[in-house]
file upload_11.cif (mmCIF, C-alpha atoms and all ligand atoms)
data_start
loop_
_atom_site.label_atom_id
_atom_site.label_comp_id
_atom_site.auth_asym_id
_atom_site.auth_seq_id
_atom_site.Cartn_x
_atom_site.Cartn_y
_atom_site.Cartn_z
CA MET A 1 -7.14 0.31 12.65
CA GLU A 2 -3.33 0.54 12.35
CA ASP A 3 -1.45 0.47 9.05
CA PRO A 4 0.18 -2.98 8.90
CA ILE A 5 2.99 -1.65 6.67
CA GLN A 6 4.28 1.37 8.51
CA ARG A 7 7.81 1.51 7.16
CA HIS A 8 6.74 3.46 4.02
CA PRO A 9 7.05 7.03 5.30
CA THR A 10 5.21 8.63 2.35
CA ARG A 11 2.46 6.04 2.37
CA ALA A 12 0.05 7.75 4.77
CA GLU A 13 -0.44 10.79 2.52
CA GLN A 14 -0.72 8.72 -0.64
CA LEU A 15 -3.28 6.35 0.94
CA ASP A 16 -5.21 9.36 2.24
CA ILE A 17 -5.38 10.65 -1.33
CA LEU A 18 -6.45 7.20 -2.55
CA ALA A 19 -9.24 7.02 0.04
CA THR A 20 -10.31 10.62 -0.62
CA VAL A 21 -10.68 10.25 -4.39
CA LEU A 22 -12.66 7.02 -3.99
CA ALA A 23 -14.85 8.45 -1.23
CA ASP A 24 -15.55 11.53 -3.37
CA THR A 25 -16.41 9.74 -6.60
CA VAL A 26 -18.15 6.42 -5.90
CA PRO A 27 -21.93 6.91 -6.02
CA GLU A 28 -24.15 6.51 -2.95
CA GLY A 29 -24.55 2.83 -2.06
CA GLY A 30 -22.00 1.85 -4.75
CA ARG A 31 -19.84 -1.26 -4.90
CA LEU A 32 -16.09 -1.37 -4.29
CA LEU A 33 -13.89 -4.34 -5.21
CA ASP A 34 -10.51 -4.55 -3.41
CA LEU A 35 -7.87 -6.79 -5.04
CA GLY A 36 -5.41 -8.03 -2.41
CA VAL A 37 -7.53 -6.70 0.45
CA GLY A 38 -5.11 -8.18 3.01
CA THR A 39 -6.30 -7.44 6.54
CA GLY A 40 -8.41 -4.58 5.15
CA TYR A 41 -6.45 -1.44 5.97
CA VAL A 42 -6.99 0.36 2.67
CA ALA A 43 -10.64 -0.73 2.52
CA HIS A 44 -11.00 0.59 6.09
CA LEU A 45 -9.65 4.01 5.00
CA VAL A 46 -12.31 4.19 2.28
CA LEU A 47 -15.20 2.70 4.28
CA SER A 48 -14.56 4.91 7.30
CA ARG A 49 -15.37 7.83 4.96
CA ARG A 50 -18.09 5.99 3.05
CA PRO A 51 -19.72 3.29 5.24
CA ASP A 52 -22.64 3.14 2.77
CA LEU A 53 -20.53 1.33 0.17
CA ASP A 54 -20.66 -2.42 -0.41
CA LEU A 55 -17.21 -4.01 -0.36
CA VAL A 56 -15.94 -7.21 -1.93
CA GLY A 57 -12.37 -8.03 -0.89
CA ILE A 58 -10.29 -10.69 -2.65
CA ASP A 59 -7.10 -12.20 -1.26
CA LEU A 60 -4.98 -15.28 -1.69
CA LYS A 61 -4.64 -15.82 2.04
CA GLN A 62 -7.60 -17.03 4.09
CA ASP A 63 -6.03 -15.86 7.37
CA SER A 64 -5.81 -12.29 6.00
CA LEU A 65 -9.44 -12.50 4.91
CA ASP A 66 -10.45 -13.72 8.37
CA ALA A 67 -8.71 -10.68 9.89
CA ALA A 68 -10.34 -8.38 7.28
CA LYS A 69 -13.77 -9.77 8.25
CA THR A 70 -13.10 -8.79 11.86
CA ASN A 71 -11.70 -5.39 10.92
CA LEU A 72 -14.50 -4.50 8.50
CA PRO A 73 -17.95 -5.12 9.98
CA ASN A 74 -21.00 -4.62 7.77
CA GLY A 75 -22.09 -1.00 7.30
CA PRO A 76 -25.39 0.77 7.96
CA ASN A 77 -28.60 0.17 5.98
CA GLY A 78 -27.54 -3.26 4.77
CA ALA A 79 -24.16 -2.20 3.32
CA ARG A 80 -22.27 -5.49 3.00
CA ARG A 81 -18.63 -6.56 3.27
CA ASP A 82 -17.97 -9.84 1.41
CA PHE A 83 -14.67 -11.67 1.17
CA VAL A 84 -13.54 -14.06 -1.54
CA GLN A 85 -10.48 -16.29 -1.36
CA GLY A 86 -8.91 -16.20 -4.81
CA ASP A 87 -5.67 -16.03 -6.78
CA LEU A 88 -5.28 -13.13 -9.20
CA ASN A 89 -3.11 -15.47 -11.29
CA ARG A 90 -6.18 -17.68 -11.77
CA LEU A 91 -8.89 -15.20 -12.70
CA PRO A 92 -11.37 -17.66 -14.29
CA GLU A 93 -11.63 -19.45 -10.92
CA ILE A 94 -12.60 -16.32 -8.99
CA VAL A 95 -16.34 -16.21 -8.32
CA LEU A 96 -17.53 -12.72 -7.37
CA PRO A 97 -20.85 -12.02 -5.64
CA HIS A 98 -21.66 -9.27 -8.20
CA ALA A 99 -20.88 -8.93 -11.90
CA SER A 100 -20.07 -5.21 -11.85
CA TYR A 101 -18.44 -2.63 -9.54
CA ASP A 102 -18.37 1.17 -9.37
CA ALA A 103 -14.71 1.16 -8.38
CA VAL A 104 -11.86 -1.31 -8.07
CA VAL A 105 -8.87 -0.65 -5.83
CA CYS A 106 -5.58 -2.47 -5.60
CA ALA A 107 -2.88 -1.36 -3.14
CA LEU A 108 0.61 -2.86 -3.07
CA THR A 109 -0.45 -6.17 -4.59
CA PHE A 110 0.49 -5.78 -8.27
CA HIS A 111 4.23 -6.08 -7.57
CA ASP A 112 3.53 -9.69 -6.49
CA LEU A 113 2.28 -10.53 -10.01
CA ALA A 114 4.20 -11.19 -13.22
CA ASP A 115 3.69 -8.55 -15.91
CA THR A 116 1.48 -10.90 -17.98
CA ALA A 117 -0.73 -11.44 -14.91
CA LYS A 118 -0.87 -7.69 -14.21
CA GLN A 119 -2.08 -7.09 -17.75
CA ALA A 120 -4.67 -9.90 -17.45
CA VAL A 121 -5.97 -8.42 -14.18
CA ILE A 122 -6.32 -4.98 -15.82
CA GLU A 123 -8.34 -6.53 -18.70
CA TRP A 124 -10.50 -8.37 -16.13
CA VAL A 125 -10.99 -5.19 -14.07
CA ALA A 126 -12.14 -3.36 -17.23
CA GLN A 127 -14.85 -6.03 -17.63
CA CYS A 128 -15.88 -5.67 -13.95
CA LEU A 129 -16.28 -1.88 -13.99
CA VAL A 130 -19.63 -0.20 -14.64
CA PRO A 131 -19.60 2.53 -17.35
CA GLY A 132 -17.95 5.53 -15.68
CA GLY A 133 -16.32 3.24 -13.09
CA ARG A 134 -12.69 3.58 -12.00
CA PHE A 135 -9.72 1.44 -11.12
CA VAL A 136 -7.33 2.97 -8.57
CA LEU A 137 -3.94 1.31 -8.35
CA TYR A 138 -1.23 2.06 -5.78
CA ASP A 139 2.16 0.40 -6.06
CA ARG A 140 5.87 0.73 -6.65
CA LEU A 141 6.98 1.43 -10.21
CA ARG A 142 9.90 -0.32 -11.88
CA LEU A 143 12.85 2.01 -12.36
CA THR A 144 14.11 1.58 -15.90
CA GLU A 145 16.67 4.37 -16.40
CA ALA A 146 20.14 3.71 -15.00
CA ALA A 147 21.11 7.34 -15.71
CA ALA A 148 18.31 8.61 -13.43
CA PHE A 149 18.98 6.16 -10.60
CA PRO A 150 21.14 8.59 -8.52
CA LEU A 151 18.11 10.92 -8.41
CA GLN A 152 15.95 8.14 -6.95
CA GLN A 153 18.72 7.38 -4.42
CA SER A 154 18.66 11.06 -3.45
CA LEU A 155 14.88 10.83 -2.96
CA TRP A 156 15.32 7.78 -0.72
CA ARG A 157 17.96 9.60 1.34
CA ARG A 158 15.68 12.63 1.67
CA ILE A 159 12.77 10.45 2.82
CA ALA A 160 15.03 8.88 5.46
CA GLN A 161 16.13 12.34 6.67
CA VAL A 162 12.71 14.01 6.63
CA HIS A 163 10.61 11.10 7.85
CA GLY A 164 13.20 9.27 9.93
CA ALA A 165 12.38 5.98 8.22
CA ALA A 166 14.18 4.34 5.34
CA MET A 167 12.52 2.87 2.26
CA ARG A 168 13.64 -0.12 0.20
CA ASP A 169 16.73 1.09 -1.70
CA ALA A 170 19.83 -0.18 -3.52
CA ASP A 171 23.50 0.72 -3.75
CA ASP A 172 23.41 1.12 -7.52
CA PHE A 173 21.18 0.41 -10.52
CA ASP A 174 22.61 -3.09 -11.08
CA ALA A 175 21.90 -3.98 -7.44
CA TYR A 176 18.36 -2.59 -7.86
CA VAL A 177 17.77 -4.79 -10.92
CA ALA A 178 19.31 -7.82 -9.17
CA ASP A 179 16.84 -7.36 -6.29
CA LEU A 180 13.82 -7.64 -8.60
CA GLY A 181 12.26 -11.08 -8.20
CA GLN A 182 9.14 -13.13 -7.59
CA THR A 183 7.76 -10.95 -4.81
CA ASN A 184 9.24 -7.69 -6.05
CA ARG A 185 8.43 -7.16 -9.70
CA PRO A 186 6.93 -3.70 -10.11
CA ALA A 187 5.90 -2.63 -13.60
CA ALA A 188 7.16 0.44 -15.42
CA LEU A 189 4.89 3.50 -15.63
CA GLU A 190 4.84 3.29 -19.44
CA ASP A 191 3.65 -0.33 -19.23
CA TYR A 192 0.75 0.60 -16.95
CA LEU A 193 -0.34 3.43 -19.23
CA THR A 194 -0.20 1.10 -22.25
CA TRP A 195 -2.05 -1.74 -20.49
CA PHE A 196 -4.81 0.63 -19.30
CA ARG A 197 -5.28 2.04 -22.80
CA ASP A 198 -5.23 -1.48 -24.31
CA ALA A 199 -8.08 -2.34 -21.89
CA LYS A 200 -10.00 0.77 -23.12
CA LEU A 201 -9.46 2.55 -19.79
CA SER A 202 -8.32 6.19 -19.60
CA PRO A 203 -5.22 6.48 -17.40
CA ALA A 204 -4.30 9.30 -15.03
CA ILE A 205 -1.45 9.81 -12.58
CA LEU A 206 -2.99 10.95 -9.29
CA HIS A 207 0.17 11.11 -7.21
CA LEU A 208 3.77 10.18 -7.83
CA HIS A 209 6.51 10.22 -5.21
CA GLY A 210 9.70 8.88 -6.72
CA ASN A 211 8.90 5.30 -7.62
CA ILE A 212 5.63 5.05 -5.65
CA ALA A 213 2.59 5.74 -7.79
CA LEU A 214 -1.12 6.25 -7.34
CA LEU A 215 -2.72 5.71 -10.74
CA SER A 216 -6.29 5.61 -11.96
CA ALA A 217 -7.86 4.05 -15.02
CA SER A 218 -11.42 5.11 -15.87
CA ARG A 219 -14.00 3.43 -18.02
CA ALA A 220 -15.93 5.79 -20.32
CA SER A 221 -19.47 6.64 -19.18
C1 LIG B 301 0.93 -5.65 0.84
S1 LIG B 301 -0.50 -6.56 0.98
C2 LIG B 301 -1.76 -5.41 0.56
C3 LIG B 301 -2.35 -4.75 1.72
C4 LIG B 301 -3.79 -4.40 1.58
N1 LIG B 301 -4.16 -3.83 0.30
C5 LIG B 301 -4.20 -3.51 2.72
O1 LIG B 301 -5.08 -2.73 2.54
O2 LIG B 301 -3.66 -3.65 3.83
C6 LIG B 301 -0.57 -7.53 -0.48
C7 LIG B 301 -1.75 -8.49 -0.44
O3 LIG B 301 -1.90 -9.08 -1.72
C8 LIG B 301 -2.21 -10.44 -1.56
N2 LIG B 301 -1.83 -11.15 -2.78
C9 LIG B 301 -0.58 -11.33 -3.26
N3 LIG B 301 -0.62 -12.05 -4.39
C10 LIG B 301 -1.92 -12.34 -4.62
C11 LIG B 301 -2.61 -13.07 -5.64
N4 LIG B 301 -1.93 -13.66 -6.61
N5 LIG B 301 -3.94 -13.16 -5.58
C12 LIG B 301 -4.64 -12.56 -4.56
N6 LIG B 301 -4.04 -11.87 -3.57
C13 LIG B 301 -2.70 -11.76 -3.60
C14 LIG B 301 -1.40 -10.86 -0.35
O4 LIG B 301 -1.94 -12.03 0.25
C15 LIG B 301 -1.52 -9.63 0.55
O5 LIG B 301 -2.61 -9.71 1.42
#
call {"tool": "encode", "arguments": {"input": "upload_11.cif", "output": "structure tokens", "more": "lines below"}}
Ligand SMILES: C[S@@+](CC[C@H](N)C(=O)[O-])C[C@H]1O[C@@H](n2cnc3c(N)ncnc32)[C@H](O)[C@@H]1O
result
Amino acid sequence: MEDPIQRHPTRAEQLDILATVLADTVPEGGRLLDLGVGTGYVAHLVLSRRPDLDLVGIDLKQDSLDAAKTNLPNGPNGARRDFVQGDLNRLPEIVLPHASYDAVVCALTFHDLADTAKQAVIEWVAQCLVPGGRFVLYDRLRLTEAAAFPLQQSLWRRIAQVHGAAMRDADDFDAYVADLGQTNRPAALEDYLTWFRDAKLSPAILHLHGNIALLSASRAS
């Protein structure tokens, strides 16, 4: 299966790390919940390593879920792939096939949500996780320090030179802030760490490349 978002040049390594840590830590026959499963690329990366896992994928868009169903056939020994149409802004309306999950993953979906919705989803995820379960979140972080912005611009230029592909950038910090909007509202790293702790989850930074973060939040055993 091909990555549907190929213009992120550092994405392949970060998603490989995401898939590796999930594949290494979810117990045999465990359940994975994917928030914003899209056409299933990230779930595919995990399930190709761990076909024994059950998957539940949620997405707003039925056409993406239809594609995910095609891309992610059921696994061996009854391992299921279930898909639920739902809006992460309307959590009480989402009906999941199971009450608890060994791991929850969310890749490049949180920046579509307002900060209040992000925090609500984190609280909801904490309720969905089994003791010892983990939430793995991959997304852009909001840049908050104007003084550090030239360093991020340098990182973007380096990525373009090394990988031959440009990432979303901005001419200056004011232009960066002006570009934040309904479909581009990443949260700051400090906010994520606070929201995870508020939900009684232990945060960790698994990989950070400039403003692209792979974070985890673990429930105590
Ligand atoms: C960039 S894509 C994520 C790609 C996906 N994780 C993958 O593995 O390919 C973002 C996904 O989040 C979904 N999404 C955005 N807002 C949502 C919401 N409020 N509730 C549920 N899904 C949402 C979009 O429909 C889209 O499929």
call {"tool": "residues_near_ligand", "arguments": {"input": "upload_11.cif", "ligand": "ligand LIG 301 (chain B)", "cutoff": "9 Å", "atoms": "all atoms listed in the file", "output": "PyMOL selection string"}}
result
chain A and resi 3-5+34-45+58-62+64-65+68+85-91+105-113+117+138+183
call {"tool": "atom_distance", "arguments": {"input": "upload_11.cif", "atom1": "CA of Pro186 (chain A)", "atom2": "CA of Leu214 (chain A)"}}
result
13.1 Å
call {"tool": "atom_distance", "arguments": {"input": "upload_11.cif", "atom1": "CA of Gly30 (chain A)", "atom2": "CA of Leu206 (chain A)"}}
result
21.6 Å
call {"tool": "residues_around", "arguments": {"input": "upload_11.cif", "residues": "region 168-178 of chain A", "least_positions_apart": "5", "cutoff": "12 Å", "atoms": "only C-alpha atoms", "output": "list in words"}}
result
Arg7, His8, Pro9, Arg140, Arg142, Leu143, Thr144, Glu145, Ala146, Ala147, Ala148, Phe149, Pro150, Leu151, Gln152, Gln153, Ser154, Leu155, Trp156, Arg157, Ile159, Ala160, Asn184, Arg185, Pro186, Gly210, Asn211 and Ile212 of chain A
call {"tool": "atom_distance", "arguments": {"input": "upload_11.cif", "atom1": "CA of Leu72 (chain A)", "atom2": "CA of Ala19 (chain A)"}}
result
15.2 Å
call {"tool": "residues_around", "arguments": {"input": "upload_11.cif", "residues": "region 75-77 of chain A", "least_positions_apart": "2", "cutoff": "10 Å", "atoms": "all atoms listed in the file", "output": "VMD selection string"}}
result
chain A and resid 29 47 to 48 50 to 55 72 to 73 79 to 81
call {"tool": "residues_around", "arguments": {"input": "upload_11.cif", "residues": "Asp115 (chain A)", "least_positions_apart": "3", "cutoff": "8 Å", "atoms": "all atoms listed in the file", "output": "PyMOL selection string"}}
result
chain A and resi 118-119+185+187
call {"tool": "closest_residue", "arguments": {"input": "upload_11.cif", "among": "A:Glu2, A:Val121, A:Gly132, A:Gln182", "to": "Ala103 (chain A)", "atoms": "only C-alpha atoms"}}
result
A:Gly132
call {"tool": "residues_around", "arguments": {"input": "upload_11.cif", "residues": "Leu129 (chain A)", "least_positions_apart": "4", "cutoff": "6 Å", "atoms": "only C-alpha atoms", "output": "ChimeraX atom specification"}}
result
/A:100-102,133
call {"tool": "residues_around", "arguments": {"input": "upload_11.cif", "residues": "Lys200 (chain A)", "least_positions_apart": "4", "cutoff": "12 Å", "atoms": "all atoms listed in the file", "output": "list in words"}}
result
Ile122, Glu123, Trp124, Val125, Ala126, Gln127, Leu129, Pro131, Gly132, Arg134, Leu193, Thr194, Trp195, Phe196, Ala217, Ser218, Arg219, Ala220 and Ser221 of chain A
call {"tool": "build_atoms", "arguments": {"input": "upload_11.cif", "residues": "region 90-126 of chain A", "atoms": "N, CA and C atoms", "output": "PDB file, in the coordinates of the input"}}
result
ATOM      1  N   ARG A  90      -5.218 -16.683 -11.284  1.00  0.00           N
ATOM      2  CA  ARG A  90      -6.180 -17.680 -11.770  1.00  0.00           C
ATOM      3  C   ARG A  90      -7.573 -17.040 -11.831  1.00  0.00           C
ATOM      4  N   LEU A  91      -7.674 -16.015 -12.653  1.00  0.00           N
ATOM      5  CA  LEU A  91      -8.890 -15.200 -12.700  1.00  0.00           C
ATOM      6  C   LEU A  91     -10.162 -15.990 -13.023  1.00  0.00           C
ATOM      7  N   PRO A  92     -10.114 -16.961 -13.960  1.00  0.00           N
ATOM      8  CA  PRO A  92     -11.370 -17.660 -14.290  1.00  0.00           C
ATOM      9  C   PRO A  92     -11.964 -18.406 -13.100  1.00  0.00           C
ATOM     10  N   GLU A  93     -11.125 -18.701 -12.085  1.00  0.00           N
ATOM     11  CA  GLU A  93     -11.630 -19.450 -10.920  1.00  0.00           C
ATOM     12  C   GLU A  93     -12.236 -18.538  -9.857  1.00  0.00           C
ATOM     13  N   ILE A  94     -12.077 -17.235 -10.005  1.00  0.00           N
ATOM     14  CA  ILE A  94     -12.600 -16.320  -8.990  1.00  0.00           C
ATOM     15  C   ILE A  94     -14.093 -16.087  -9.227  1.00  0.00           C
ATOM     16  N   VAL A  95     -14.887 -16.395  -8.208  1.00  0.00           N
ATOM     17  CA  VAL A  95     -16.340 -16.210  -8.320  1.00  0.00           C
ATOM     18  C   VAL A  95     -16.729 -15.015  -7.454  1.00  0.00           C
ATOM     19  N   LEU A  96     -17.164 -13.949  -8.102  1.00  0.00           N
ATOM     20  CA  LEU A  96     -17.530 -12.720  -7.370  1.00  0.00           C
ATOM     21  C   LEU A  96     -19.021 -12.698  -7.078  1.00  0.00           C
ATOM     22  N   PRO A  97     -19.419 -12.070  -5.965  1.00  0.00           N
ATOM     23  CA  PRO A  97     -20.850 -12.020  -5.640  1.00  0.00           C
ATOM     24  C   PRO A  97     -21.649 -11.098  -6.565  1.00  0.00           C
ATOM     25  N   HIS A  98     -20.966 -10.157  -7.264  1.00  0.00           N
ATOM     26  CA  HIS A  98     -21.660  -9.270  -8.200  1.00  0.00           C
ATOM     27  C   HIS A  98     -20.860  -9.235  -9.499  1.00  0.00           C
ATOM     28  N   ALA A  99     -21.560  -8.950 -10.600  1.00  0.00           N
ATOM     29  CA  ALA A  99     -20.880  -8.930 -11.900  1.00  0.00           C
ATOM     30  C   ALA A  99     -20.172  -7.598 -12.142  1.00  0.00           C
ATOM     31  N   SER A 100     -20.656  -6.514 -11.534  1.00  0.00           N
ATOM     32  CA  SER A 100     -20.070  -5.210 -11.850  1.00  0.00           C
ATOM     33  C   SER A 100     -19.855  -4.364 -10.589  1.00  0.00           C
ATOM     34  N   TYR A 101     -18.879  -3.440 -10.701  1.00  0.00           N
ATOM     35  CA  TYR A 101     -18.440  -2.630  -9.540  1.00  0.00           C
ATOM     36  C   TYR A 101     -18.253  -1.177  -9.989  1.00  0.00           C
ATOM     37  N   ASP A 102     -18.552  -0.252  -9.061  1.00  0.00           N
ATOM     38  CA  ASP A 102     -18.370   1.170  -9.370  1.00  0.00           C
ATOM     39  C   ASP A 102     -16.900   1.562  -9.314  1.00  0.00           C
ATOM     40  N   ALA A 103     -16.144   0.870  -8.478  1.00  0.00           N
ATOM     41  CA  ALA A 103     -14.710   1.160  -8.380  1.00  0.00           C
ATOM     42  C   ALA A 103     -13.982  -0.119  -7.983  1.00  0.00           C
ATOM     43  N   VAL A 104     -12.749  -0.214  -8.458  1.00  0.00           N
ATOM     44  CA  VAL A 104     -11.860  -1.310  -8.070  1.00  0.00           C
ATOM     45  C   VAL A 104     -10.593  -0.667  -7.536  1.00  0.00           C
ATOM     46  N   VAL A 105     -10.099  -1.185  -6.412  1.00  0.00           N
ATOM     47  CA  VAL A 105      -8.870  -0.650  -5.830  1.00  0.00           C
ATOM     48  C   VAL A 105      -7.880  -1.792  -5.644  1.00  0.00           C
ATOM     49  N   CYS A 106      -6.612  -1.467  -5.824  1.00  0.00           N
ATOM     50  CA  CYS A 106      -5.580  -2.470  -5.600  1.00  0.00           C
ATOM     51  C   CYS A 106      -4.352  -1.750  -5.040  1.00  0.00           C
ATOM     52  N   ALA A 107      -3.988  -2.061  -3.795  1.00  0.00           N
ATOM     53  CA  ALA A 107      -2.880  -1.360  -3.140  1.00  0.00           C
ATOM     54  C   ALA A 107      -1.772  -2.330  -2.783  1.00  0.00           C
ATOM     55  N   LEU A 108      -0.622  -2.120  -3.380  1.00  0.00           N
ATOM     56  CA  LEU A 108       0.610  -2.860  -3.070  1.00  0.00           C
ATOM     57  C   LEU A 108       0.458  -4.377  -3.242  1.00  0.00           C
ATOM     58  N   THR A 109      -0.286  -4.749  -4.255  1.00  0.00           N
ATOM     59  CA  THR A 109      -0.450  -6.170  -4.590  1.00  0.00           C
ATOM     60  C   THR A 109       0.124  -6.474  -5.975  1.00  0.00           C
ATOM     61  N   PHE A 110       0.076  -5.494  -6.890  1.00  0.00           N
ATOM     62  CA  PHE A 110       0.490  -5.780  -8.270  1.00  0.00           C
ATOM     63  C   PHE A 110       1.967  -6.195  -8.368  1.00  0.00           C
ATOM     64  N   HIS A 111       2.814  -5.715  -7.449  1.00  0.00           N
ATOM     65  CA  HIS A 111       4.230  -6.080  -7.570  1.00  0.00           C
ATOM     66  C   HIS A 111       4.468  -7.562  -7.256  1.00  0.00           C
ATOM     67  N   ASP A 112       3.418  -8.236  -6.726  1.00  0.00           N
ATOM     68  CA  ASP A 112       3.530  -9.690  -6.490  1.00  0.00           C
ATOM     69  C   ASP A 112       3.242 -10.482  -7.766  1.00  0.00           C
ATOM     70  N   LEU A 113       2.709  -9.826  -8.793  1.00  0.00           N
ATOM     71  CA  LEU A 113       2.280 -10.530 -10.010  1.00  0.00           C
ATOM     72  C   LEU A 113       3.281 -10.331 -11.138  1.00  0.00           C
ATOM     73  N   ALA A 114       3.399 -11.346 -12.006  1.00  0.00           N
ATOM     74  CA  ALA A 114       4.200 -11.190 -13.220  1.00  0.00           C
ATOM     75  C   ALA A 114       3.507 -10.174 -14.134  1.00  0.00           C
ATOM     76  N   ASP A 115       4.265  -9.581 -15.052  1.00  0.00           N
ATOM     77  CA  ASP A 115       3.690  -8.550 -15.910  1.00  0.00           C
ATOM     78  C   ASP A 115       2.512  -9.090 -16.731  1.00  0.00           C
ATOM     79  N   THR A 116       2.602 -10.335 -17.206  1.00  0.00           N
ATOM     80  CA  THR A 116       1.480 -10.900 -17.980  1.00  0.00           C
ATOM     81  C   THR A 116       0.230 -10.989 -17.107  1.00  0.00           C
ATOM     82  N   ALA A 117       0.420 -11.356 -15.831  1.00  0.00           N
ATOM     83  CA  ALA A 117      -0.730 -11.440 -14.910  1.00  0.00           C
ATOM     84  C   ALA A 117      -1.275 -10.049 -14.607  1.00  0.00           C
ATOM     85  N   LYS A 118      -0.397  -9.073 -14.450  1.00  0.00           N
ATOM     86  CA  LYS A 118      -0.870  -7.690 -14.210  1.00  0.00           C
ATOM     87  C   LYS A 118      -1.780  -7.255 -15.362  1.00  0.00           C
ATOM     88  N   GLN A 119      -1.301  -7.520 -16.586  1.00  0.00           N
ATOM     89  CA  GLN A 119      -2.080  -7.090 -17.750  1.00  0.00           C
ATOM     90  C   GLN A 119      -3.424  -7.827 -17.793  1.00  0.00           C
ATOM     91  N   ALA A 120      -3.416  -9.124 -17.463  1.00  0.00           N
ATOM     92  CA  ALA A 120      -4.670  -9.900 -17.450  1.00  0.00           C
ATOM     93  C   ALA A 120      -5.634  -9.347 -16.402  1.00  0.00           C
ATOM     94  N   VAL A 121      -5.107  -8.968 -15.238  1.00  0.00           N
ATOM     95  CA  VAL A 121      -5.970  -8.420 -14.180  1.00  0.00           C
ATOM     96  C   VAL A 121      -6.578  -7.088 -14.655  1.00  0.00           C
ATOM     97  N   ILE A 122      -5.784  -6.270 -15.333  1.00  0.00           N
ATOM     98  CA  ILE A 122      -6.320  -4.980 -15.820  1.00  0.00           C
ATOM     99  C   ILE A 122      -7.449  -5.219 -16.829  1.00  0.00           C
ATOM    100  N   GLU A 123      -7.265  -6.197 -17.728  1.00  0.00           N
ATOM    101  CA  GLU A 123      -8.340  -6.530 -18.700  1.00  0.00           C
ATOM    102  C   GLU A 123      -9.588  -7.001 -17.953  1.00  0.00           C
ATOM    103  N   TRP A 124      -9.389  -7.812 -16.921  1.00  0.00           N
ATOM    104  CA  TRP A 124     -10.500  -8.370 -16.130  1.00  0.00           C
ATOM    105  C   TRP A 124     -11.206  -7.244 -15.366  1.00  0.00           C
ATOM    106  N   VAL A 125     -10.419  -6.335 -14.798  1.00  0.00           N
ATOM    107  CA  VAL A 125     -10.990  -5.190 -14.070  1.00  0.00           C
ATOM    108  C   VAL A 125     -11.863  -4.362 -15.029  1.00  0.00           C
ATOM    109  N   ALA A 126     -11.369  -4.155 -16.259  1.00  0.00           N
ATOM    110  CA  ALA A 126     -12.140  -3.360 -17.230  1.00  0.00           C
ATOM    111  C   ALA A 126     -13.507  -3.988 -17.471  1.00  0.00           C
TER     112      ALA A 126
END
